[in-house]
Structure formats: C-alpha cells, structure tokens
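Okay, entry36.cif is below, mmCIF, C-alpha atoms (C1' of nucleotides):
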```cif
data_model
#
loop_
_atom_site.label_atom_id
_atom_site.label_comp_id
_atom_site.auth_asym_id
_atom_site.auth_seq_id
_atom_site.Cartn_x
_atom_site.Cartn_y
_atom_site.Cartn_z
CA MET A 11 0.00 0.00 0.00
CA SER A 12 2.92 2.34 0.43
CA TYR A 13 3.44 1.90 -3.30
CA ALA A 14 0.02 3.46 -3.82
CA MET A 15 0.78 6.18 -1.29
CA ASP A 16 3.99 7.06 -3.10
CA LEU A 17 2.11 7.47 -6.38
CA PHE A 18 -1.02 9.30 -5.30
CA GLY A 19 -0.71 9.74 -1.53
CA ASP A 20 -0.93 13.51 -1.53
CA LYS A 21 -3.68 16.03 -1.59
CA TRP A 22 -3.44 17.01 -5.25
CA SER A 23 -2.96 13.83 -7.24
CA LEU A 24 -6.27 12.31 -6.30
CA LEU A 25 -8.05 15.61 -6.89
CA ILE A 26 -6.71 15.72 -10.45
CA ILE A 27 -7.93 12.18 -10.99
CA ARG A 28 -11.26 13.09 -9.45
CA ASP A 29 -11.58 16.01 -11.87
CA ILE A 30 -11.09 13.65 -14.78
CA VAL A 31 -13.42 10.99 -13.47
CA PHE A 32 -16.27 12.99 -12.02
CA TYR A 33 -16.02 16.37 -13.69
CA ASP A 34 -14.96 15.23 -17.12
CA LYS A 35 -11.94 17.50 -17.18
CA GLN A 36 -9.21 17.04 -19.77
CA PHE A 37 -7.18 20.22 -19.98
CA PHE A 38 -4.57 21.93 -17.86
CA LYS A 39 -6.68 25.05 -17.52
CA GLU A 40 -9.66 22.96 -16.44
CA PHE A 41 -7.67 21.43 -13.58
CA ARG A 42 -6.53 24.90 -12.61
CA SER A 43 -10.08 26.15 -12.43
CA SER A 44 -11.29 23.68 -9.84
CA LYS A 45 -12.31 25.19 -6.55
CA GLU A 46 -9.25 23.96 -4.69
CA LYS A 47 -7.05 26.40 -6.67
CA ILE A 48 -4.00 24.34 -7.44
CA ALA A 49 -0.93 26.39 -8.36
CA SER A 50 0.32 25.86 -11.88
CA ASN A 51 3.74 24.64 -10.84
CA ILE A 52 2.25 22.05 -8.51
CA LEU A 53 -0.22 20.96 -11.17
CA SER A 54 2.59 20.69 -13.65
CA ASP A 55 4.63 18.63 -11.22
CA ARG A 56 1.77 16.29 -10.34
CA ILE A 57 0.87 15.72 -13.96
CA LYS A 58 4.49 14.82 -14.61
CA LYS A 59 4.55 12.40 -11.70
CA LEU A 60 1.24 10.82 -12.61
CA GLU A 61 2.41 10.43 -16.18
CA SER A 62 5.65 8.78 -15.19
CA ALA A 63 3.68 6.56 -12.82
CA GLY A 64 1.67 5.42 -15.82
CA ILE A 65 -1.61 6.67 -14.42
CA LEU A 66 -2.09 9.56 -16.81
CA VAL A 67 -1.26 10.17 -20.48
CA SER A 68 -1.28 13.33 -22.50
CA GLU A 69 -1.56 14.00 -26.20
CA ILE A 70 -1.65 17.15 -28.24
CA TYR A 71 -5.16 18.36 -28.85
CA GLU A 72 -5.34 18.57 -32.62
CA LYS A 73 -8.17 21.04 -32.70
CA GLN A 74 -6.03 23.45 -30.75
CA ARG A 75 -2.42 22.43 -30.78
CA SER A 76 -1.40 24.68 -27.92
CA GLN A 77 -3.35 22.46 -25.58
CA LYS A 78 -2.86 18.96 -24.33
CA VAL A 79 -5.60 16.48 -23.63
CA TYR A 80 -5.08 14.45 -20.49
CA SER A 81 -6.69 11.11 -19.91
CA LEU A 82 -6.34 8.13 -17.63
CA THR A 83 -4.58 4.94 -18.55
CA GLN A 84 -6.07 1.62 -17.51
CA LYS A 85 -3.98 1.91 -14.37
CA GLY A 86 -5.65 5.23 -13.69
CA ILE A 87 -9.11 4.00 -14.59
CA ASP A 88 -8.64 1.19 -12.10
CA LEU A 89 -8.54 3.82 -9.38
CA VAL A 90 -12.23 4.54 -9.91
CA PRO A 91 -13.35 2.14 -7.17
CA VAL A 92 -11.00 3.89 -4.75
CA LEU A 93 -12.50 7.25 -5.66
CA VAL A 94 -16.01 5.90 -5.36
CA GLU A 95 -15.33 4.65 -1.85
CA ILE A 96 -13.82 7.97 -0.85
CA MET A 97 -16.94 9.68 -2.23
CA ILE A 98 -19.17 7.39 -0.21
CA TRP A 99 -17.17 8.07 2.93
CA SER A 100 -17.17 11.81 2.26
CA ALA A 101 -20.90 11.78 1.62
CA LYS A 102 -21.33 10.38 5.10
CA TYR A 103 -18.97 12.67 6.97
CA ASP A 104 -18.50 15.89 5.01
CA ASN A 105 -21.45 18.14 5.54
CA GLU A 106 -20.22 20.50 2.85
CA LEU A 107 -20.20 17.88 0.13
CA ALA A 108 -22.95 18.36 -2.39
CA ILE A 109 -23.15 14.76 -3.50
CA THR A 110 -26.22 13.85 -5.48
CA PRO A 111 -28.68 11.48 -3.84
CA GLU A 112 -28.81 9.71 -7.20
CA PHE A 113 -25.14 8.88 -6.93
CA LEU A 114 -25.55 7.49 -3.44
CA GLN A 115 -28.58 5.50 -4.43
CA ALA A 116 -26.88 4.16 -7.53
CA VAL A 117 -23.92 3.02 -5.43
CA GLU A 118 -26.09 1.32 -2.89
CA HIS A 119 -28.25 -0.31 -5.46
CA ASP A 120 -25.60 -1.48 -7.91
CA ARG A 121 -22.06 -0.54 -7.02
CA GLU A 122 -20.45 -2.70 -9.70
CA GLY A 123 -22.75 -1.36 -12.37
CA LEU A 124 -22.03 2.23 -11.44
CA ILE A 125 -18.29 1.64 -11.46
CA ALA A 126 -18.51 -0.08 -14.82
CA LYS A 127 -20.49 2.85 -16.17
CA ILE A 128 -17.99 5.42 -14.92
CA LYS A 129 -15.10 3.39 -16.28
CA ALA A 130 -16.73 3.04 -19.67
CA LYS A 131 -16.68 6.80 -20.06
CA LEU A 132 -12.97 6.97 -19.42
CA ILE A 133 -11.43 5.06 -22.26
CA ALA A 134 -8.12 6.81 -22.85
CA GLY A 135 -8.05 9.34 -25.65
CA GLU A 136 -11.75 9.07 -26.24
CA PRO A 137 -13.08 12.53 -27.06
CA ARG A 138 -15.45 14.05 -24.60
CA THR A 139 -19.10 13.98 -25.53
CA GLU A 140 -20.83 17.15 -24.43
CA MET B 18 -13.56 14.86 -1.74
CA SER B 19 -11.13 17.55 -0.76
CA TYR B 20 -12.52 17.15 2.75
CA ALA B 21 -11.23 13.61 2.71
CA MET B 22 -7.92 14.72 1.23
CA ASP B 23 -7.47 17.28 3.97
CA LEU B 24 -7.98 14.64 6.63
CA PHE B 25 -6.01 11.71 5.26
CA GLY B 26 -4.59 12.86 1.93
CA ASP B 27 -0.98 12.36 2.82
CA LYS B 28 1.40 9.48 2.78
CA TRP B 29 1.36 8.69 6.49
CA SER B 30 -2.22 8.96 7.69
CA LEU B 31 -3.51 6.11 5.60
CA LEU B 32 -0.50 3.98 6.49
CA ILE B 33 -1.31 4.40 10.18
CA ILE B 34 -4.90 3.39 9.52
CA ARG B 35 -3.68 0.46 7.44
CA ASP B 36 -1.50 -0.66 10.36
CA ILE B 37 -4.53 -0.70 12.62
CA VAL B 38 -6.80 -2.41 10.12
CA PHE B 39 -4.54 -4.98 8.54
CA TYR B 40 -1.72 -5.42 11.00
CA ASP B 41 -3.69 -5.13 14.20
CA LYS B 42 -1.45 -2.43 15.61
CA GLN B 43 -2.52 -0.37 18.61
CA PHE B 44 0.52 1.30 20.10
CA PHE B 45 2.79 4.19 19.20
CA LYS B 46 5.83 1.96 19.14
CA GLU B 47 4.04 -0.47 16.85
CA PHE B 48 3.37 2.23 14.29
CA ARG B 49 6.97 3.27 14.55
CA SER B 50 8.15 -0.23 13.78
CA SER B 51 6.43 -0.56 10.40
CA LYS B 52 8.73 -0.91 7.46
CA GLU B 53 8.10 2.62 6.17
CA LYS B 54 9.97 4.05 9.21
CA ILE B 55 7.85 7.00 10.20
CA ALA B 56 9.65 9.58 12.34
CA SER B 57 8.27 9.96 15.83
CA ASN B 58 7.41 13.64 15.45
CA ILE B 59 5.48 12.99 12.26
CA LEU B 60 3.70 10.06 13.84
CA SER B 61 2.85 12.20 16.82
CA ASP B 62 1.54 14.93 14.55
CA ARG B 63 -0.55 12.58 12.40
CA ILE B 64 -2.08 10.89 15.42
CA LYS B 65 -3.05 14.31 16.73
CA LYS B 66 -4.61 15.28 13.42
CA LEU B 67 -6.44 11.99 13.03
CA GLU B 68 -7.73 12.29 16.57
CA SER B 69 -9.00 15.81 16.06
CA ALA B 70 -10.57 14.67 12.80
CA GLY B 71 -12.49 12.08 14.80
CA ILE B 72 -10.97 9.16 12.96
CA LEU B 73 -8.82 7.85 15.79
CA VAL B 74 -9.21 7.73 19.55
CA SER B 75 -6.70 6.95 22.25
CA GLU B 76 -7.07 5.74 25.77
CA ILE B 77 -4.58 4.92 28.46
CA TYR B 78 -3.58 1.31 28.46
CA GLU B 79 -4.41 0.22 31.98
CA LYS B 80 -2.07 -2.74 31.99
CA GLN B 81 0.77 -0.34 31.31
CA ARG B 82 -0.19 3.22 32.03
CA SER B 83 2.72 4.77 30.14
CA GLN B 84 1.22 3.53 26.92
CA LYS B 85 -1.81 4.55 24.96
CA VAL B 86 -4.04 2.25 23.00
CA TYR B 87 -5.15 3.67 19.69
CA SER B 88 -8.24 2.53 17.88
CA LEU B 89 -10.51 3.68 15.11
CA THR B 90 -13.80 5.42 15.63
CA GLN B 91 -16.76 4.51 13.44
CA LYS B 92 -15.60 7.27 11.12
CA GLY B 93 -12.24 5.54 10.90
CA ILE B 94 -13.73 2.09 10.53
CA ASP B 95 -15.77 3.38 7.62
CA LEU B 96 -12.51 3.93 5.77
CA VAL B 97 -12.02 0.17 5.49
CA PRO B 98 -13.65 -0.03 2.04
CA VAL B 99 -11.28 2.68 0.83
CA LEU B 100 -8.31 0.72 2.13
CA VAL B 101 -9.59 -2.48 0.59
CA GLU B 102 -9.88 -0.84 -2.82
CA ILE B 103 -6.37 0.57 -2.53
CA MET B 104 -5.16 -2.92 -1.64
CA ILE B 105 -6.88 -4.39 -4.68
CA TRP B 106 -5.36 -1.74 -6.91
CA SER B 107 -1.93 -2.21 -5.38
CA ALA B 108 -2.21 -5.95 -5.77
CA LYS B 109 -2.66 -5.40 -9.48
CA TYR B 110 0.09 -2.86 -10.04
CA ASP B 111 2.69 -3.17 -7.30
CA ASN B 112 4.94 -6.09 -8.02
CA GLU B 113 6.53 -5.78 -4.62
CA LEU B 114 3.30 -6.19 -2.71
CA ALA B 115 3.05 -9.50 -0.94
CA ILE B 116 -0.71 -9.67 -0.82
CA THR B 117 -2.12 -13.06 0.02
CA PRO B 118 -4.05 -14.84 -2.73
CA GLU B 119 -6.61 -15.64 -0.04
CA PHE B 120 -7.29 -11.96 0.45
CA LEU B 121 -7.76 -11.36 -3.25
CA GLN B 122 -9.96 -14.38 -3.60
CA ALA B 123 -12.03 -13.37 -0.60
CA VAL B 124 -12.56 -9.91 -2.07
CA GLU B 125 -13.58 -11.24 -5.44
CA HIS B 126 -15.85 -13.83 -3.99
CA ASP B 127 -17.55 -11.78 -1.31
CA ARG B 128 -16.36 -8.20 -1.00
CA GLU B 129 -19.10 -7.11 1.37
CA GLY B 130 -18.57 -10.11 3.60
CA LEU B 131 -14.84 -9.49 3.82
CA ILE B 132 -15.33 -5.83 4.66
CA ALA B 133 -17.88 -6.72 7.31
CA LYS B 134 -15.45 -9.21 8.79
CA ILE B 135 -12.60 -6.71 8.92
CA LYS B 136 -14.86 -4.08 10.42
CA ALA B 137 -16.14 -6.45 13.08
CA LYS B 138 -12.63 -6.82 14.41
CA LEU B 139 -12.23 -3.09 14.80
CA ILE B 140 -14.82 -2.12 17.35
CA ALA B 141 -13.24 0.78 19.19
CA GLY B 142 -11.55 -0.04 22.44
CA GLU B 143 -11.98 -3.73 21.96
CA PRO B 144 -8.86 -5.47 23.30
CA ARG B 145 -6.77 -7.32 20.81
CA THR B 146 -7.15 -11.05 20.76
CA GLU B 147 -3.81 -12.74 20.11
"C1'" DA C 11 16.66 4.32 43.86
"C1'" DA C 12 18.67 3.44 39.27
"C1'" DA C 13 17.88 1.82 34.79
"C1'" DT C 14 14.43 1.00 31.11
"C1'" DT C 15 10.82 1.81 28.26
"C1'" DA C 16 7.24 4.53 26.02
"C1'" DA C 17 5.42 8.59 24.20
"C1'" DC C 18 6.31 12.54 22.94
"C1'" DT C 19 8.92 17.32 22.11
"C1'" DT C 20 12.65 20.27 20.38
"C1'" DG C 21 16.09 22.03 17.24
"C1'" DC C 22 17.84 22.22 12.98
"C1'" DA C 23 18.79 21.20 8.03
"C1'" DA C 24 16.62 19.78 3.75
"C1'" DA C 25 12.71 19.17 0.87
"C1'" DA C 26 8.28 20.49 -0.74
"C1'" DA C 27 4.44 23.82 -1.19
"C1'" DG C 28 2.54 28.17 -2.45
"C1'" DC C 29 2.60 32.53 -4.74
"C1'" DA C 30 3.55 35.82 -8.39
"C1'" DA C 31 5.71 36.87 -12.34
"C1'" DC C 32 7.74 35.34 -16.55
"C1'" DT C 33 8.41 32.54 -21.07
"C1'" DA C 34 7.51 29.86 -25.20
"C1'" DT C 35 3.93 28.29 -28.40
"C1'" DT C 36 -0.07 28.54 -30.71
"C1'" DT C 37 -4.02 30.80 -32.41
"C1'" DC C 38 -7.03 34.59 -33.42
"C1'" DG C 39 -8.37 38.94 -35.24
"C1'" DA C 40 -7.51 43.55 -37.55
"C1'" DT D 3 1.18 39.71 -41.45
"C1'" DC D 4 1.65 41.54 -37.02
"C1'" DG D 5 0.19 42.22 -32.48
"C1'" DA D 6 -2.80 40.56 -28.75
"C1'" DA D 7 -4.62 36.75 -26.24
"C1'" DA D 8 -4.57 32.27 -24.45
"C1'" DT D 9 -2.36 28.00 -22.89
"C1'" DA D 10 1.03 25.17 -20.74
"C1'" DG D 11 4.22 25.46 -18.46
"C1'" DT D 12 8.93 27.48 -15.78
"C1'" DT D 13 11.53 30.45 -12.53
"C1'" DG D 14 12.54 32.76 -8.32
"C1'" DC D 15 11.49 33.43 -3.85
"C1'" DT D 16 9.27 32.84 0.79
"C1'" DT D 17 6.80 29.92 3.89
"C1'" DT D 18 5.59 25.46 5.49
"C1'" DT D 19 6.38 20.71 6.16
"C1'" DT D 20 9.45 16.76 6.56
"C1'" DG D 21 13.05 14.02 8.39
"C1'" DC D 22 16.59 13.09 11.57
"C1'" DA D 23 18.92 13.09 16.08
"C1'" DA D 24 18.80 14.11 20.56
"C1'" DG D 25 16.32 15.40 24.66
"C1'" DT D 26 12.32 15.25 28.05
"C1'" DT D 27 8.73 13.38 31.06
"C1'" DA D 28 6.25 9.88 33.21
"C1'" DA D 29 5.49 5.09 34.31
"C1'" DT D 30 7.36 0.57 35.12
"C1'" DT D 31 10.96 -2.92 36.23
"C1'" DT D 32 14.91 -4.59 38.80
#
```
Structure re-expressed in structure tokens:
Amino acid sequence: MSYAMDLFGDKWSLLIIRDIVFYDKQFFKEFRSSKEKIASNILSDRIKKLESAGILVSEIYEKQRSQKVYSLTQKGIDLVPVLVEIMIWSAKYDNELAITPEFLQAVEHDREGLIAKIKAKLIAGEPRTE
Amino acid sequence: MSYAMDLFGDKWSLLIIRDIVFYDKQFFKEFRSSKEKIASNILSDRIKKLESAGILVSEIYEKQRSQKVYSLTQKGIDLVPVLVEIMIWSAKYDNELAITPEFLQAVEHDREGLIAKIKAKLIAGEPRTE
DNA sequence: AAATTAACTTGCAAAAAGCAACTATTTCGA
DNA sequence: TCGAAATAGTTGCTTTTTGCAAGTTAATTT
C-alpha cells in the first residue's frame, strides 16, 4: 500500500484524478479552475509524476495544438473504485459535500454497475461527448 | 472529496490506519516499527490530526499506564472499504506487494462479507485477541 | 533508587508547497 | 502579417512541512 501512497498519496494527485473521473476535465486550464485552486507549478509537477507513474497520459489536442488532452490509462481507470469509496465516505462525513442522492442510491443499489459505467466513459483518448 | 484529502490525503495517515486495520497495531511503538519508518514527530503529529478529525481515539492502556491504545472510531472504521480498494489496486500494479491470494480471492468472492469481517474486528476499544 | 521503556517534544537542516511573475507556443483577429 | 490573447508550463522566492537526532517526562521494572 505504500506503493500506492507514493504514487497518489498527496492532496493534489487524487483531486486531479477526481476532476477527470467525475467532472470530465481534460485540460490543464480545467484542472486549474477547480475550486481547490492548485498552483500551476504544482499541477505541472503532479501531472508529470502521474504520467511517469503510468496513471495519466497526455496528447496534443489537434483542434487546438497549444493544448494537451489528459486522460487516464487503464492503471488510472482502475482507481475509480478507490475514488467511489472515498466519495461514499465523504458523503457520510463531510457536511459541505454536495453529492447527489442519485449517486448514493446508484452506489447502494448497484455498485459494480455504477463503477462499470464510470469506467466506460474513461477510455483513454476518447473525445469528450458534451 | 477535498474534505477527505485534507484529513487523510498524505502518505502517512492512511498507512497508520492500514496498520490498525490490517496489522492489528494499537501502540505508538508499533506504528513506529512498520517498514516505512515513520519519524516519531510525524507520527505524533498525524495521530493528533487523526484524533481531532475524529478518525482515531486513544485511551490509556491500563495494563501499562505509560502507553496509549489507539483505535478507530466509526468514522475511521468506515474507511475500510477505501483501504480495501487501494489494496486491490496495489495488488494489481505493485509487483513488490506481498498480498495473500486468499485476500484477493475473498474480495472477489464476497467483498461485502470481507469488509464486514474486517470491520467487526475493529470495534473501538476492543482489546486485541492474540 | 537506578535503569528501562514509552510517548512525545525540540532544534535544525533539507525538501516540498505556495505565490507571483515570466516565457515559449499557438491561435485569433484587424 | 503583425500584435494581442490564451495556454502550458517554468523560474525565483518565501513559507511550510518533513526528516533526523537528541532530549524530556512519566510510568514501570529490577
């Protein structure tokens, strides 16, 4: 488990992954705009570390070549169950968290199905459907 | 989710909780002796933070009043599913991790049952059975 | 009563985080 | 086509956190 902690055992790494998984984010500027206000040098550093850990990949965004599209590898996608459990725990103990009752109900009713559904959306490089 | 990250989003906090959950540890010196070699001031600090977050509680160990027994609150116990998912992920990607095949099989076969079993062992203040 | 053991605390050097400003590309618009 | 804007970083600097070694306090143990 200390392997896992070395790779994403810090405040920011999991938040970046959360942004990809739950908020559909793909771009540097999108990660910057999340409410936790990550500094650009830290974001840059974490992206680098997550990439070299094989959790994240980037590619140039052809429609706008000054940007990069970030997506999760399979190794990253396999973190979804971890995120889901953290969400469930947070839903129970964080009064600030605006988690949808639908999400909670979906988890309770069919955890595996929900995870499969979230994962399906995350196939690396797949363009976002909006 | 940033609530969760603020409380245990660092390398050491989850390792302490892991030690309690999976290695049955209860004492300061036991946490110190884990292979990751946490420094005593950091351990002290993390215990304090986890206690004020309501995840951990301590009580004086009556058999030896210079020691404290640490155990998880319900809030801490509810992190077990998170730990289990991290274990599963680590089992897949960390070649160093000596996870027992029994554990993996138990998770696959009956995840809820395994979690319930682990949780049952963790009732706060319950003395360790050895 | 002296020596041990446990749980911290303190002091200090090194590493990491956070902030603001800067740079290199790419694109967009006059 | 040239200048402005936007994006993904980098740089420099200060503050905070970590990590290590040694010290302290209180409870056993001998």
Superimpose chain A on chain B so that the squared distances between all in-order C-alpha pairs are minimised, and send the result as a short mmCIF file (atom, residue, chain, number, x, y, z; two decimals) with C-alpha atoms, keeping the file's coordinate frame.
```cif
data_model
loop_
_atom_site.label_atom_id
_atom_site.label_comp_id
_atom_site.auth_asym_id
_atom_site.auth_seq_id
_atom_site.Cartn_x
_atom_site.Cartn_y
_atom_site.Cartn_z
CA MET A 11 -13.59 14.79 -1.77
CA SER A 12 -11.17 17.51 -0.83
CA TYR A 13 -12.56 17.15 2.67
CA ALA A 14 -11.26 13.58 2.67
CA MET A 15 -7.96 14.70 1.18
CA ASP A 16 -7.52 17.29 3.92
CA LEU A 17 -8.03 14.64 6.60
CA PHE A 18 -6.04 11.72 5.24
CA GLY A 19 -4.61 12.90 1.91
CA ASP A 20 -0.98 12.37 2.80
CA LYS A 21 1.38 9.48 2.78
CA TRP A 22 1.37 8.74 6.50
CA SER A 23 -2.21 8.99 7.69
CA LEU A 24 -3.49 6.15 5.58
CA LEU A 25 -0.50 4.01 6.50
CA ILE A 26 -1.30 4.43 10.20
CA ILE A 27 -4.88 3.42 9.50
CA ARG A 28 -3.66 0.50 7.44
CA ASP A 29 -1.49 -0.64 10.34
CA ILE A 30 -4.52 -0.68 12.60
CA VAL A 31 -6.78 -2.39 10.11
CA PHE A 32 -4.53 -4.96 8.53
CA TYR A 33 -1.70 -5.41 10.99
CA ASP A 34 -3.68 -5.12 14.18
CA LYS A 35 -1.45 -2.41 15.58
CA GLN A 36 -2.53 -0.36 18.59
CA PHE A 37 0.52 1.28 20.10
CA PHE A 38 2.78 4.17 19.22
CA LYS A 39 5.84 1.95 19.14
CA GLU A 40 4.05 -0.49 16.84
CA PHE A 41 3.36 2.26 14.30
CA ARG A 42 6.99 3.30 14.55
CA SER A 43 8.17 -0.19 13.79
CA SER A 44 6.45 -0.52 10.44
CA LYS A 45 8.75 -0.84 7.48
CA GLU A 46 8.11 2.68 6.23
CA LYS A 47 9.99 4.11 9.25
CA ILE A 48 7.85 7.05 10.23
CA ALA A 49 9.65 9.62 12.39
CA SER A 50 8.23 10.02 15.87
CA ASN A 51 7.39 13.68 15.47
CA ILE A 52 5.48 13.02 12.27
CA LEU A 53 3.68 10.08 13.84
CA SER A 54 2.82 12.22 16.81
CA ASP A 55 1.51 14.96 14.55
CA ARG A 56 -0.57 12.60 12.41
CA ILE A 57 -2.09 10.90 15.42
CA LYS A 58 -3.06 14.32 16.73
CA LYS A 59 -4.63 15.29 13.42
CA LEU A 60 -6.45 12.00 13.03
CA GLU A 61 -7.75 12.30 16.57
CA SER A 62 -9.02 15.81 16.06
CA ALA A 63 -10.57 14.67 12.79
CA GLY A 64 -12.50 12.10 14.79
CA ILE A 65 -10.98 9.16 12.95
CA LEU A 66 -8.83 7.87 15.78
CA VAL A 67 -9.20 7.73 19.57
CA SER A 68 -6.68 6.95 22.24
CA GLU A 69 -7.01 5.73 25.79
CA ILE A 70 -4.51 4.88 28.46
CA TYR A 71 -3.57 1.23 28.43
CA GLU A 72 -4.36 0.13 31.96
CA LYS A 73 -2.05 -2.84 31.92
CA GLN A 74 0.82 -0.50 31.26
CA ARG A 75 -0.10 3.07 31.95
CA SER A 76 2.84 4.56 30.11
CA GLN A 77 1.28 3.43 26.87
CA LYS A 78 -1.76 4.50 24.95
CA VAL A 79 -4.02 2.24 22.98
CA TYR A 80 -5.14 3.67 19.67
CA SER A 81 -8.24 2.54 17.88
CA LEU A 82 -10.51 3.69 15.10
CA THR A 83 -13.79 5.44 15.61
CA GLN A 84 -16.75 4.53 13.43
CA LYS A 85 -15.61 7.29 11.11
CA GLY A 86 -12.26 5.56 10.87
CA ILE A 87 -13.74 2.10 10.52
CA ASP A 88 -15.79 3.40 7.61
CA LEU A 89 -12.53 3.93 5.75
CA VAL A 90 -12.05 0.18 5.48
CA PRO A 91 -13.66 -0.04 2.04
CA VAL A 92 -11.29 2.67 0.82
CA LEU A 93 -8.32 0.72 2.12
CA VAL A 94 -9.61 -2.49 0.60
CA GLU A 95 -9.88 -0.87 -2.81
CA ILE A 96 -6.38 0.55 -2.53
CA MET A 97 -5.16 -2.95 -1.61
CA ILE A 98 -6.87 -4.42 -4.64
CA TRP A 99 -5.35 -1.78 -6.89
CA SER A 100 -1.92 -2.26 -5.33
CA ALA A 101 -2.19 -6.02 -5.70
CA LYS A 102 -2.63 -5.47 -9.41
CA TYR A 103 0.11 -2.93 -9.98
CA ASP A 104 2.71 -3.22 -7.22
CA ASN A 105 4.97 -6.13 -7.91
CA GLU A 106 6.56 -5.80 -4.49
CA LEU A 107 3.32 -6.22 -2.60
CA ALA A 108 3.06 -9.53 -0.84
CA ILE A 109 -0.70 -9.69 -0.75
CA THR A 110 -2.16 -13.06 0.08
CA PRO A 111 -4.06 -14.83 -2.67
CA GLU A 112 -6.65 -15.63 -0.01
CA PHE A 113 -7.32 -11.94 0.47
CA LEU A 114 -7.75 -11.37 -3.24
CA GLN A 115 -9.98 -14.37 -3.59
CA ALA A 116 -12.06 -13.37 -0.59
CA VAL A 117 -12.55 -9.90 -2.08
CA GLU A 118 -13.56 -11.24 -5.43
CA HIS A 119 -15.85 -13.81 -4.00
CA ASP A 120 -17.57 -11.75 -1.32
CA ARG A 121 -16.37 -8.19 -1.01
CA GLU A 122 -19.13 -7.10 1.37
CA GLY A 123 -18.58 -10.09 3.61
CA LEU A 124 -14.86 -9.47 3.82
CA ILE A 125 -15.36 -5.81 4.65
CA ALA A 126 -17.91 -6.69 7.30
CA LYS A 127 -15.48 -9.18 8.79
CA ILE A 128 -12.62 -6.68 8.90
CA LYS A 129 -14.89 -4.05 10.41
CA ALA A 130 -16.15 -6.42 13.07
CA LYS A 131 -12.62 -6.78 14.38
CA LEU A 132 -12.22 -3.06 14.78
CA ILE A 133 -14.78 -2.10 17.35
CA ALA A 134 -13.19 0.81 19.19
CA GLY A 135 -11.48 -0.02 22.45
CA GLU A 136 -11.97 -3.71 21.98
CA PRO A 137 -8.87 -5.49 23.27
CA ARG A 138 -6.80 -7.31 20.75
CA THR A 139 -7.18 -11.06 20.66
CA GLU A 140 -3.86 -12.73 19.98
#
```
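Interatomic distance, C1' of DT19 (chain C) to CA of Gly26 (chain B): 24.7 Å.
Between CA of Ser88 (chain B) and CA of Met22 (chain B) lies a distance of 20.6 Å.
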The PyMOL selection byres ((chain B and resi 25) around 12) on the file shown: which residues, as an mmCIF file with C-alpha atoms, keeping the file's coordinate frame?
```cif
data_model
loop_
_atom_site.group_PDB
_atom_site.id
_atom_site.type_symbol
_atom_site.label_atom_id
_atom_site.label_comp_id
_atom_site.auth_asym_id
_atom_site.auth_seq_id
_atom_site.Cartn_x
_atom_site.Cartn_y
_atom_site.Cartn_z
ATOM 1 C CA MET A 15 0.780 6.180 -1.290
ATOM 2 C CA PHE A 18 -1.020 9.300 -5.300
ATOM 3 C CA GLY A 19 -0.710 9.740 -1.530
ATOM 4 C CA ASP A 20 -0.930 13.510 -1.530
ATOM 5 C CA LYS A 21 -3.680 16.030 -1.590
ATOM 6 C CA LEU A 24 -6.270 12.310 -6.300
ATOM 7 C CA ILE A 96 -13.820 7.970 -0.850
ATOM 8 C CA TRP A 99 -17.170 8.070 2.930
ATOM 9 C CA SER A 100 -17.170 11.810 2.260
ATOM 10 C CA MET B 18 -13.560 14.860 -1.740
ATOM 11 C CA SER B 19 -11.130 17.550 -0.760
ATOM 12 C CA TYR B 20 -12.520 17.150 2.750
ATOM 13 C CA ALA B 21 -11.230 13.610 2.710
ATOM 14 C CA MET B 22 -7.920 14.720 1.230
ATOM 15 C CA ASP B 23 -7.470 17.280 3.970
ATOM 16 C CA LEU B 24 -7.980 14.640 6.630
ATOM 17 C CA GLY B 26 -4.590 12.860 1.930
ATOM 18 C CA ASP B 27 -0.980 12.360 2.820
ATOM 19 C CA LYS B 28 1.400 9.480 2.780
ATOM 20 C CA TRP B 29 1.360 8.690 6.490
ATOM 21 C CA SER B 30 -2.220 8.960 7.690
ATOM 22 C CA LEU B 31 -3.510 6.110 5.600
ATOM 23 C CA LEU B 32 -0.500 3.980 6.490
ATOM 24 C CA ILE B 33 -1.310 4.400 10.180
ATOM 25 C CA ILE B 34 -4.900 3.390 9.520
ATOM 26 C CA ARG B 35 -3.680 0.460 7.440
ATOM 27 C CA ARG B 63 -0.550 12.580 12.400
ATOM 28 C CA ILE B 64 -2.080 10.890 15.420
ATOM 29 C CA LYS B 66 -4.610 15.280 13.420
ATOM 30 C CA LEU B 67 -6.440 11.990 13.030
ATOM 31 C CA GLU B 68 -7.730 12.290 16.570
ATOM 32 C CA SER B 69 -9.000 15.810 16.060
ATOM 33 C CA ALA B 70 -10.570 14.670 12.800
ATOM 34 C CA GLY B 71 -12.490 12.080 14.800
ATOM 35 C CA ILE B 72 -10.970 9.160 12.960
ATOM 36 C CA LEU B 73 -8.820 7.850 15.790
ATOM 37 C CA GLY B 93 -12.240 5.540 10.900
ATOM 38 C CA LEU B 96 -12.510 3.930 5.770
ATOM 39 C CA VAL B 99 -11.280 2.680 0.830
ATOM 40 C CA LEU B 100 -8.310 0.720 2.130
#
```
Residue contacts of DT15 (chain C) (9 Å, only C-alpha atoms (C1' of nucleotides)) excluding same-chain residues fewer than 5 positions away, as a CSV table (one decimal) with C-alpha atoms (C1' of nucleotides), in the frame of the given file:
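Listed below is the output, part-v2.csv:
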```
chain,number,residue,atom,x,y,z
B,83,SER,CA,2.7,4.8,30.1
D,29,DA,C1',5.5,5.1,34.3
D,30,DT,C1',7.4,0.6,35.1
```
